[in-house]
Amino acid sequence: MEDYRVLLNAREQAWVVADPDVAIEASLEVVKDSQTTFGVPSEQFEEAAGFHGELLLENFHYEAARNHIAAAVFSSCRTAGTDGAQTIAKLDSLAYATELSGDTLTSARLLSDLADRIQKAKGVDHRDTIAVRERYALALADLNRSDEAEAVLRQTLAAARMSFASNEIGLINSINNYAFMLGTNGKLEKAIPLHAEVVEKNKAHFETGHSRHIAGIGNLAVALLKAGRTEEAAPLIAEQMHLVKTSEQPSVYEIAVALLNRADLATAEQRFSEAREDQKLAVEIYEKIYGEDHPVTRRAFQKLWRTLLRLQDKTALNIAEKAAAHANNRRNALGFRVGSTLHRERNLASESEVQTLYLDSLWIAEKRDSLSVNNKAFPALQRALQSPVSRAFGGAVARRTAAARSPRLGELVDQRELLSRGWETAELERIQLLSGGPSKSTTSLVKKSQLQQELAARMSTIDDQLKNEAPDFFELLRPEPVGITTSTGLLRPNEAALLLQPGEFGTHVMLITATGVNWHRSNWSRDRIDAAVQRLLFDAGSAIKVPDEIQERWDDEGRGYLSYDRKLAHEVYRELVAPFSQELEGISQIFTIAGGSLSSLPFAILVSKLPSNGDDSNASTLRHTQWMIDDFALATLPSLQSLFQSRTRQTVSRTSGRKKFIGFGDPLLDGPMVSRSIQSEGNNAASLEAGAVFGVDKNGANNLVKIDKVRKLIRLPGTAEELKMLSTLLGPDEGTLYLADKATEPAFREADLDAEIVVLATHGLLAGELDFLTEPALVMTPPQTVLPGDDGLLTASEVTRLRINAEWVVLSACNTAASDGREGAPGLSGLAQAFFYAGTKNMLVSHWPVRDDVAARITVRAIELEQIGEAESRANALRQAILELRADTSLDNSDDHFAHPYAWAPFILVGDSQ
């Protein structure tokens, strides 16, 4: 074909052919002929390849479409330039094809680049900019980054209300997308009015049977269902189904959506068999349109999966096998490329849910034989329990292994970590710029993209070197689940590991001893576990967040100021631990590895024997209660893999002449001196959120410390006494103290942290909710003005850059262990994660602010028992110190005593305890 018009004619002919296979074949011939006649790159090839890709999209051949459109983009970049209008248009098509093919991660990156290009060419408020930003936000949501997606969509809606007329499609899309994301994030009362607004606008703009009108009705109905307003949702779902049935040419997609919505209504009304039939048909439709690996299909599969589990249908295992395999493939596909850590962290919750449902499916299918447990259930439970802390532990082992080979490799790993964090910070800052409104500059976005490209290239070079010179680095960085034989071999005859994962249909618990593994599923669902954990933490004195009406009810139920619900604590023990009573005979130490809200629970406060009918606030009654800590020494582990790494790979080099102890505490603050006691609980600043002391710079990117807020925190002189007691115990020549004006951030960073014990006794700031860039931090003595490297806050990210060669790190006086017991909240704080990554082997951390008259008696005594050899492990040393404190009757009165868990149970040991 020498005449280009012949190519165009062939293209048009392919478009009008009724048989799609014939059309696709004809279009492909055009692509081949244009490549032969005009070469690549050429405008003719771009047009032919791009058209062929669009034709493939129309006929659901997404992967093939993606490849042809990518070829068109490659050619266009060379003929029209990377920022040319043709290139941008084809890049848009490529992002769409990538999204439809199910590769959401790549689609998000393409849309991010596209947003930058279109905004640069057309401006921040242009309609095309708004549209592509919205697609980018929806891609973020598919990557489990819905909070960030909501922020972007909030800004695009504000821009759309200014750029579009009242009933224009662009504005309707923006309202619908923002409403959808609010609903995804549980903000249904805000989402419902917006969905209703979409329905009204659709009525004014489209005919009654139009697909957009039908979709709007369905979206409103789903939001009402989620909000529990079933009676309002039911007629809307019936209307949606009627409109689909009476439409002249309903699309199969519309039919599938209507079926799923009707199934949701049936589920809400507990008509599960009816829901199952609608969901099966919807899944069949989606599989034909998108294939089984597409996110839309997977979401429909999950709805059907849950329904089958509710019906105790053993065929749930068929879906479970596919879902678990897909989760594993998705995890492996992320690999170790730049940005993978960020996406892995966002995917932890969704993967944990898949693995937990997989366990439920195995359970109801009665696949509990030893082979199934070994090959399926045991690794699934470990994957369900993955956390940022376990990955930080693996990162530390990988880094030390590389450094042991050569200092140069250790330096490369450090550089890699800095590059990775730099890329992730730039990514978060880009999203903040995209969600920050018209005042944000396009130049900043472009610079962030360029920075990310530079960081990615440098990281790729380092990865190539590590693969060649330290091939096991990446295996250690993200270890695979440990097998049963290996796990049982790690444990001593007196040790056991308890793995616990709450789920929608029950709580899975596995007990591992040196002789084998046992599996139990409690009927207590995630919701029931969450409620119990929050109540126990509330009674124990943790500053948890619950609605005012719940707190008032709990206050009214409590009998006395120091009441503790011992009956509930025993019920939790009965459900989760007691089923293994026979296997626990002869066990004196238990490692707990818990997911969900259980990761926030110190298991020491569970009651192992049915409590007597005493006063739950009475000192004698509490003192004579049989607690789990009476029966076992307890330690928490980030993961089973961390125990394997600790006992087989990790070594802490015992440098000759190193100090036994280094302590930082009592930072010099301007607030009043306050003794940490039960009476001063309300004044304790340990629960202050980071949002109260962090600011945002003019570009909405970096956190600036409001140093005056830090300086006004209360002073904690009791921390100095605690550190002095520890110094006296270990010998004045065996350690170094940094108190008051010496307890500064630069001093800690420059100190020789090659000590057996490192103690920080100070305020802890939790990660704030006002800005997603804030992070937890320890308060040090603040400077007069903020200086580079010294703002009075030792943040988690700053800790990760240090090297702490310590057997123990003790974080005393603040909430350094856990959050408030809500589902989804991290069981171990970002501070614990950071110290593990820095090299810590064991940590003593607190679940709530620790009293002055308790802190030293627990920490100093536990260390003393371990040092003089009167405890067989650190966990046992902590247990003995707790039992001694609880037995002390010297303080007993109606308002205060040491028998309450608030006094004796704030600390937990995290690590292998040896």
# chains A, B, ... in the order shown; residues from 1 in each chain; ligands from 1
$ residues_around --residues "range 395-406 of chain A" --least-positions-apart "5" --cutoff "10 Å" --atoms "only C-alpha atoms" --output "PyMOL selection string"
chain A and resi 389-390+411-414+417+466+469-479+642+645-646+649-652+800+803+834-841
$ write_last_selection --atoms "N, CA, C and O atoms" --output "compact mmCIF listing (two decimals), in the first residue's frame"
# COMPACT_ATOMS: atom_id res chain seq x y z
N VAL A 389 5.94 -3.46 60.85
CA VAL A 389 7.00 -3.75 61.82
C VAL A 389 7.76 -5.00 61.43
O VAL A 389 8.99 -5.06 61.51
N SER A 390 7.05 -6.04 60.98
CA SER A 390 7.74 -7.27 60.58
C SER A 390 8.64 -7.00 59.37
O SER A 390 9.73 -7.56 59.26
N GLU A 411 26.92 0.30 52.76
CA GLU A 411 26.68 1.68 52.34
C GLU A 411 25.68 1.74 51.19
O GLU A 411 24.84 2.64 51.12
N LEU A 412 25.77 0.78 50.27
CA LEU A 412 24.81 0.74 49.16
C LEU A 412 23.39 0.53 49.66
O LEU A 412 22.44 1.16 49.16
N VAL A 413 23.23 -0.34 50.66
CA VAL A 413 21.90 -0.59 51.21
C VAL A 413 21.36 0.68 51.88
O VAL A 413 20.18 1.02 51.74
N ASP A 414 22.23 1.39 52.60
CA ASP A 414 21.80 2.65 53.21
C ASP A 414 21.38 3.65 52.15
O ASP A 414 20.37 4.35 52.31
N GLU A 417 17.96 2.72 50.79
CA GLU A 417 16.87 3.09 51.69
C GLU A 417 16.55 4.58 51.59
O GLU A 417 15.39 4.98 51.54
N LEU A 466 23.35 -5.11 44.02
CA LEU A 466 23.01 -6.00 45.13
C LEU A 466 22.63 -7.39 44.65
O LEU A 466 22.96 -8.39 45.29
N GLU A 469 26.00 -9.07 43.93
CA GLU A 469 26.97 -9.26 45.00
C GLU A 469 26.36 -9.74 46.31
O GLU A 469 27.07 -10.26 47.17
N ALA A 470 25.06 -9.54 46.50
CA ALA A 470 24.39 -10.01 47.73
C ALA A 470 23.02 -10.56 47.34
O ALA A 470 21.99 -9.98 47.67
N PRO A 471 22.99 -11.69 46.63
CA PRO A 471 21.73 -12.19 46.07
C PRO A 471 20.66 -12.51 47.10
O PRO A 471 19.48 -12.52 46.77
N ASP A 472 21.04 -12.80 48.35
CA ASP A 472 20.03 -13.12 49.37
C ASP A 472 19.46 -11.88 50.04
O ASP A 472 18.59 -11.98 50.90
N PHE A 473 19.95 -10.70 49.66
CA PHE A 473 19.47 -9.47 50.29
C PHE A 473 17.96 -9.32 50.14
O PHE A 473 17.24 -9.03 51.10
N PHE A 474 17.45 -9.54 48.93
CA PHE A 474 16.03 -9.32 48.68
C PHE A 474 15.17 -10.41 49.32
O PHE A 474 14.02 -10.16 49.70
N GLU A 475 15.70 -11.61 49.47
CA GLU A 475 14.97 -12.66 50.16
C GLU A 475 14.80 -12.31 51.64
O GLU A 475 13.74 -12.56 52.23
N LEU A 476 15.84 -11.75 52.24
CA LEU A 476 15.77 -11.36 53.64
C LEU A 476 14.90 -10.13 53.83
O LEU A 476 14.24 -9.96 54.87
N LEU A 477 14.89 -9.27 52.83
CA LEU A 477 14.14 -8.02 52.92
C LEU A 477 12.65 -8.30 53.07
O LEU A 477 11.95 -7.64 53.85
N ARG A 478 12.14 -9.28 52.33
CA ARG A 478 10.73 -9.65 52.41
C ARG A 478 10.63 -11.17 52.46
O ARG A 478 10.39 -11.82 51.45
N PRO A 479 10.86 -11.75 53.63
CA PRO A 479 10.93 -13.21 53.74
C PRO A 479 9.59 -13.88 53.49
O PRO A 479 8.52 -13.33 53.77
N SER A 642 10.23 -13.10 61.88
CA SER A 642 11.21 -12.35 62.68
C SER A 642 11.88 -13.25 63.71
O SER A 642 13.07 -13.09 64.01
N GLN A 645 14.42 -15.22 61.71
CA GLN A 645 15.59 -14.39 61.37
C GLN A 645 16.43 -14.11 62.60
O GLN A 645 17.66 -14.10 62.54
N SER A 646 15.77 -13.87 63.73
CA SER A 646 16.49 -13.55 64.95
C SER A 646 17.34 -14.73 65.43
O SER A 646 18.46 -14.55 65.87
N ARG A 649 19.68 -15.89 61.71
CA ARG A 649 20.47 -14.98 60.88
C ARG A 649 21.01 -13.78 61.65
O ARG A 649 22.04 -13.25 61.31
N GLN A 650 20.26 -13.32 62.64
CA GLN A 650 20.62 -12.06 63.28
C GLN A 650 21.64 -12.27 64.37
O GLN A 650 21.50 -13.13 65.22
N THR A 651 22.65 -11.44 64.37
CA THR A 651 23.61 -11.40 65.45
C THR A 651 23.89 -9.96 65.80
O THR A 651 23.99 -9.10 64.94
N VAL A 652 23.95 -9.67 67.08
CA VAL A 652 24.35 -8.34 67.54
C VAL A 652 25.78 -8.44 68.01
O VAL A 652 26.07 -9.11 68.99
N THR A 800 15.33 5.56 61.83
CA THR A 800 15.70 4.51 60.87
C THR A 800 17.07 4.76 60.25
O THR A 800 17.70 3.83 59.75
N ARG A 803 22.14 3.63 63.58
CA ARG A 803 22.56 2.25 63.79
C ARG A 803 22.63 2.02 65.29
O ARG A 803 23.49 2.56 65.97
N ALA A 834 10.60 1.76 63.66
CA ALA A 834 11.85 2.46 63.33
C ALA A 834 13.02 1.92 64.13
O ALA A 834 14.12 1.73 63.58
N PHE A 835 12.83 1.67 65.42
CA PHE A 835 13.94 1.17 66.23
C PHE A 835 14.34 -0.24 65.81
O PHE A 835 15.52 -0.60 65.87
N PHE A 836 13.38 -1.06 65.40
CA PHE A 836 13.75 -2.38 64.89
C PHE A 836 14.57 -2.25 63.62
O PHE A 836 15.57 -2.95 63.44
N TYR A 837 14.16 -1.36 62.72
CA TYR A 837 14.93 -1.20 61.50
C TYR A 837 16.34 -0.71 61.79
O TYR A 837 17.30 -1.08 61.11
N ALA A 838 16.48 0.11 62.82
CA ALA A 838 17.81 0.65 63.17
C ALA A 838 18.73 -0.41 63.77
O ALA A 838 19.93 -0.17 63.89
N GLY A 839 18.17 -1.57 64.14
CA GLY A 839 19.04 -2.65 64.61
C GLY A 839 18.71 -3.22 65.96
O GLY A 839 19.38 -4.14 66.43
N THR A 840 17.70 -2.68 66.63
CA THR A 840 17.33 -3.17 67.95
C THR A 840 16.91 -4.64 67.90
O THR A 840 16.23 -5.06 66.98
N LYS A 841 17.30 -5.39 68.92
CA LYS A 841 16.93 -6.81 68.97
C LYS A 841 15.67 -7.03 69.80
O LYS A 841 14.79 -7.79 69.42
$ residues_around --residues "range 83-93 of chain A" --least-positions-apart "4" --cutoff "8 Å" --atoms "only C-alpha atoms" --output "PyMOL selection string"
chain A and resi 50+54+69-70+72-73+76-77+97+110-111+114+117-118
$ select_by_dssp --residues "range 696-893 of chain A" --states "alpha helix (DSSP H)" --output "PyMOL selection string"
chain A and resi 707-711+717-730+745-750+796-800+830-838+852-867+874-887
$ atom_distance --atom1 "CA of Val572 in chain A" --atom2 "CA of Ser608 in chain A"
9.2 Å
$ atom_distance --atom1 "CA of Glu43 in chain A" --atom2 "CA of Leu55 in chain A"
18.3 Å
$ atom_distance --atom1 "CA of Ala855 in chain A" --atom2 "CA of Phe907 in chain A"
8.9 Å
$ closest_residue --among "A:Gly218, A:Met510, A:Asp360, A:Ile172" --to "Ala238 in chain A" --atoms "only C-alpha atoms"
A:Gly218
$ residues_around --residues "range 354-359 of chain A" --least-positions-apart "4" --cutoff "9 Å" --atoms "only C-alpha atoms" --output "tab-separated table (two decimals) with C-alpha atoms, in the first residue's frame"
chain	number	residue	atom	x	y	z
A	302	GLN	CA	-15.33	-11.14	46.88
A	305	TRP	CA	-17.14	-15.35	48.27
A	306	ARG	CA	-18.56	-13.78	51.43
A	309	LEU	CA	-19.12	-18.35	53.51
A	316	ALA	CA	-16.18	-21.00	48.64
A	317	LEU	CA	-12.83	-22.77	48.61
A	319	ILE	CA	-12.90	-18.84	44.84
A	320	ALA	CA	-10.51	-18.79	47.80
A	321	GLU	CA	-7.82	-20.67	45.90
A	323	ALA	CA	-8.06	-15.14	45.26
A	324	ALA	CA	-5.09	-16.32	47.30
A	327	ALA	CA	-2.81	-12.00	45.95
A	349	ALA	CA	-4.97	-4.65	54.78
A	350	SER	CA	-6.53	-5.99	51.57
A	363	TRP	CA	-12.17	-24.17	57.77
A	364	ILE	CA	-15.71	-24.68	56.48
A	376	LYS	CA	-2.16	-23.80	52.90
A	377	ALA	CA	-3.46	-22.59	56.25
A	380	ALA	CA	-1.90	-18.05	54.78
A	381	LEU	CA	-2.09	-17.07	58.44
A	382	GLN	CA	1.47	-15.74	58.35
A	383	ARG	CA	0.65	-13.63	55.29
A	384	ALA	CA	-2.50	-12.35	56.98
A	501	GLN	CA	-6.09	-13.17	63.28
A	502	PRO	CA	-9.63	-11.80	63.74
A	503	GLY	CA	-11.93	-11.93	60.72
A	504	GLU	CA	-15.47	-11.29	59.61
A	505	PHE	CA	-16.58	-14.87	60.35
A	507	THR	CA	-10.93	-15.47	64.81
A	508	HIS	CA	-8.25	-17.90	63.65
